[in-house]
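S.K.: Pasting a structure here, questions to come.
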Amino acid sequence: MLASYILRRLLLIIPTLWAIITLNFLIVQFAPGGPVEQAIVHMQGLRSDEGKALSGGSPAGSTMHTYAGSGGVDPEIIKELERMYGFDKPAHQRYWLMIRNYMSFDLGKSYYKNNTVLGLIKEKLPTSITLGFWSTLLIYLIAVPLGIAKARYHKSRFDRVTSGLVAITYAIPSFLFAILLIVFLAGGSYFSCFPLRGIVSDNWATLPWYEKITDYIWHIILPITSLVLGGFAALTMLIKNSFIEEISKPYVLTARAKGLTERDIIRNHVLRNAALVLISHLPATLVGLFFTGTFLVEVIFSLDGLGLLGFESAVNRDYPVVFGTLYIFTLLSLVLHLLSDILYALVDPRIDFNKMET
């Protein structure tokens, strides 16, 4: 039943996370340009700028693992770098240490930031929650009634006009909407109605509570608008198609024959059956908006969130942050999909979890 299905899904999380950890470890072993090599390049750059060697000694490749560009760097310095970045142990020891640490949510420390991975995630999370929560809420508040209206008035003039607008917003990504909003409303070329950077003003902490609220709203209007414009189109058409399919079913024709109004049919019969589409779409929407789909908008508006953190970490090869955030994102995605299945059962009791694949 439902309890046994939840237990199976929870047990399935373990091998999934193990596969993610193993893949992360293999990438660290074989990806070029790791933290040790980057540190060596940085040190040799300093030596070239200052016109003097860091220290004498034989090439690193003669006594230990060879790193690109390590010639002329003291092997003792390279040993210290390996110890600093955790590469001084055999591969199998590092692997099992990584497994143990990840299972206890010890995701390590950033190579380049003076903070732990969990500390960085907690630091950036409020910005991502702000963007993800308000964007998701507004997307559903717009897409659900619009999709229902388009289904009810299918092939009408209203449906044709709104379909054109939906097609335009679907074709333009969120970051282009962000650029357009900056050009027209944030001092780009025309008006300067909204701030360009940050999620609050620099003096936000000193403002009265009511001014804090207005300042917060003032700063998030443009980034939230760009995300909503770039995100509601697909959900709108999904809802429309789902409602059209439900409206054409025999039970709706029977309800109409009994004299029920269209409003009652939609609210009491069709909405509940069509809600499965909303539930199935919600996990992907949340994961995309909270973690993966906002980094360009964050960059454009200088919003320091999880998307920007993951992007910068990947560029800098800050492996603990890259893999730590990937681990957390995967775990949250699995949990959200499990909650989605539970909501399925609450909305539609006909679902038999014993027949569902895990």
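Residues in the structure tokens are numbered from 1 in each chain, the chains being A, B, ... in the order shown, and ligands are numbered from 1 in the order shown.
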For A:Glu312, list every protein, DNA or RNA residue within 10 Å, evaluated using only C-alpha atoms, and leave out those in the same chain fewer than 5 positions away; present the list as a PyMOL selection string.
M.R.: chain A and resi 295+306-307+317-318+321-322
S.K.: For the residues in the current selection, export N, CA, C and O atoms as a tab-separated table (two decimals), in the first residue's frame.
M.R.:
chain	number	residue	atom	x	y	z
A	295	PHE	N	20.42	30.94	-12.47
A	295	PHE	CA	21.76	31.51	-12.27
A	295	PHE	C	22.04	32.67	-13.22
A	295	PHE	O	22.71	33.63	-12.83
A	306	LEU	N	22.00	30.21	-5.00
A	306	LEU	CA	22.60	28.90	-5.21
A	306	LEU	C	22.97	28.66	-6.67
A	306	LEU	O	23.96	27.99	-6.95
A	307	GLY	N	22.19	29.19	-7.59
A	307	GLY	CA	22.52	29.02	-9.01
A	307	GLY	C	23.85	29.64	-9.35
A	307	GLY	O	24.69	29.02	-10.02
A	317	ARG	N	36.45	25.14	-10.61
A	317	ARG	CA	36.74	23.76	-10.23
A	317	ARG	C	36.84	23.61	-8.71
A	317	ARG	O	37.73	22.94	-8.19
A	318	ASP	N	35.91	24.25	-8.04
A	318	ASP	CA	35.81	24.11	-6.59
A	318	ASP	C	34.98	22.86	-6.32
A	318	ASP	O	33.78	22.92	-6.03
A	321	VAL	N	32.28	22.22	-3.44
A	321	VAL	CA	31.05	23.00	-3.58
A	321	VAL	C	30.20	22.45	-4.73
A	321	VAL	O	28.98	22.29	-4.59
A	322	VAL	N	30.83	22.14	-5.86
A	322	VAL	CA	30.09	21.61	-7.01
A	322	VAL	C	29.38	20.32	-6.64
A	322	VAL	O	28.17	20.16	-6.86
S.K.: Contacts of A:Ser313 at 12 Å or less, counting only C-alpha atoms, minus same-chain residues fewer than 4 places along, as a compact mmCIF listing (two decimals) with N, CA and C atoms, in the first residue's frame?
M.R.:
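And here's around-v3.txt as it stands now:
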# COMPACT_ATOMS: atom_id res chain seq x y z
N PRO A 35 42.40 21.32 -8.39
CA PRO A 35 42.85 22.38 -7.49
C PRO A 35 44.36 22.41 -7.30
N SER A 110 35.04 24.55 1.03
CA SER A 110 35.39 25.13 -0.26
C SER A 110 36.90 25.30 -0.38
N TYR A 111 37.41 25.05 -1.59
CA TYR A 111 38.84 25.25 -1.84
C TYR A 111 39.22 26.73 -1.81
N TYR A 112 38.30 27.58 -2.21
CA TYR A 112 38.66 28.98 -2.43
C TYR A 112 37.90 29.97 -1.55
N LYS A 113 36.87 29.51 -0.85
CA LYS A 113 36.11 30.37 0.05
C LYS A 113 36.31 29.87 1.47
N VAL A 117 30.87 23.81 2.76
CA VAL A 117 29.88 23.74 1.69
C VAL A 117 28.48 23.98 2.24
N LEU A 120 28.04 27.62 2.94
CA LEU A 120 27.79 28.39 1.73
C LEU A 120 26.35 28.20 1.25
N LEU A 306 22.00 30.21 -5.00
CA LEU A 306 22.60 28.90 -5.21
C LEU A 306 22.97 28.66 -6.67
N GLY A 307 22.19 29.19 -7.59
CA GLY A 307 22.52 29.02 -9.01
C GLY A 307 23.85 29.64 -9.35
N LEU A 308 24.07 30.86 -8.89
CA LEU A 308 25.34 31.54 -9.13
C LEU A 308 26.48 30.84 -8.41
N LEU A 309 26.23 30.35 -7.21
CA LEU A 309 27.25 29.62 -6.46
C LEU A 309 27.70 28.38 -7.22
N ARG A 317 36.45 25.14 -10.61
CA ARG A 317 36.74 23.76 -10.23
C ARG A 317 36.84 23.61 -8.71
N ASP A 318 35.91 24.25 -8.04
CA ASP A 318 35.81 24.11 -6.59
C ASP A 318 34.98 22.86 -6.32
N TYR A 319 35.63 21.69 -6.40
CA TYR A 319 34.92 20.42 -6.41
C TYR A 319 34.04 20.18 -5.20
N PRO A 320 34.47 20.48 -3.97
CA PRO A 320 33.57 20.23 -2.84
C PRO A 320 32.26 20.98 -2.95
N VAL A 321 32.28 22.22 -3.44
CA VAL A 321 31.05 23.00 -3.58
C VAL A 321 30.20 22.45 -4.73
N VAL A 322 30.83 22.14 -5.86
CA VAL A 322 30.09 21.61 -7.01
C VAL A 322 29.38 20.32 -6.64
N PHE A 323 30.12 19.38 -6.06
CA PHE A 323 29.54 18.07 -5.78
C PHE A 323 28.64 18.11 -4.55
N GLY A 324 28.94 18.97 -3.60
CA GLY A 324 28.08 19.10 -2.43
C GLY A 324 26.71 19.64 -2.82
N THR A 325 26.69 20.68 -3.65
CA THR A 325 25.40 21.23 -4.09
C THR A 325 24.66 20.23 -4.97
N LEU A 326 25.38 19.50 -5.83
CA LEU A 326 24.74 18.47 -6.66
C LEU A 326 24.12 17.39 -5.78
S.K.: Can you pull out the residues contacting A:Ile213? Cut-off 10 Å, using only C-alpha atoms, and skip same-chain residues under 5 positions away; I want them as a CSV table (one decimal) with N, CA and C atoms, in the first residue's frame.
M.R.:
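What follows is the written file around.csv:
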chain,number,residue,atom,x,y,z
A,200,VAL,N,18.2,43.5,-1.6
A,200,VAL,CA,17.8,44.6,-0.7
A,200,VAL,C,18.8,45.7,-0.8
A,204,TRP,N,19.4,48.4,4.3
A,204,TRP,CA,18.2,47.7,4.6
A,204,TRP,C,18.0,47.4,6.1
A,207,LEU,N,16.4,50.3,8.2
A,207,LEU,CA,15.1,50.8,7.8
A,207,LEU,C,14.1,50.3,8.8
A,208,PRO,N,13.0,51.1,8.9
A,208,PRO,CA,11.8,50.6,9.7
A,208,PRO,C,11.2,49.4,9.0
A,218,TRP,N,10.5,46.0,-3.9
A,218,TRP,CA,11.1,46.9,-5.0
A,218,TRP,C,12.2,46.2,-5.7
S.K.: Considering only C-alpha atoms, state which residue in the set A:Ala275, A:Ile99, A:Leu253, A:Ile179 is at the smallest distance from A:Leu238.
M.R.: A:Ala275
S.K.: Using only C-alpha atoms, find the one residue out of A:Ser226, A:Asn268, A:Thr16, A:Thr214 that sits nearest to A:Leu181.
M.R.: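 Nearest to A:Leu181: A:Ser226.
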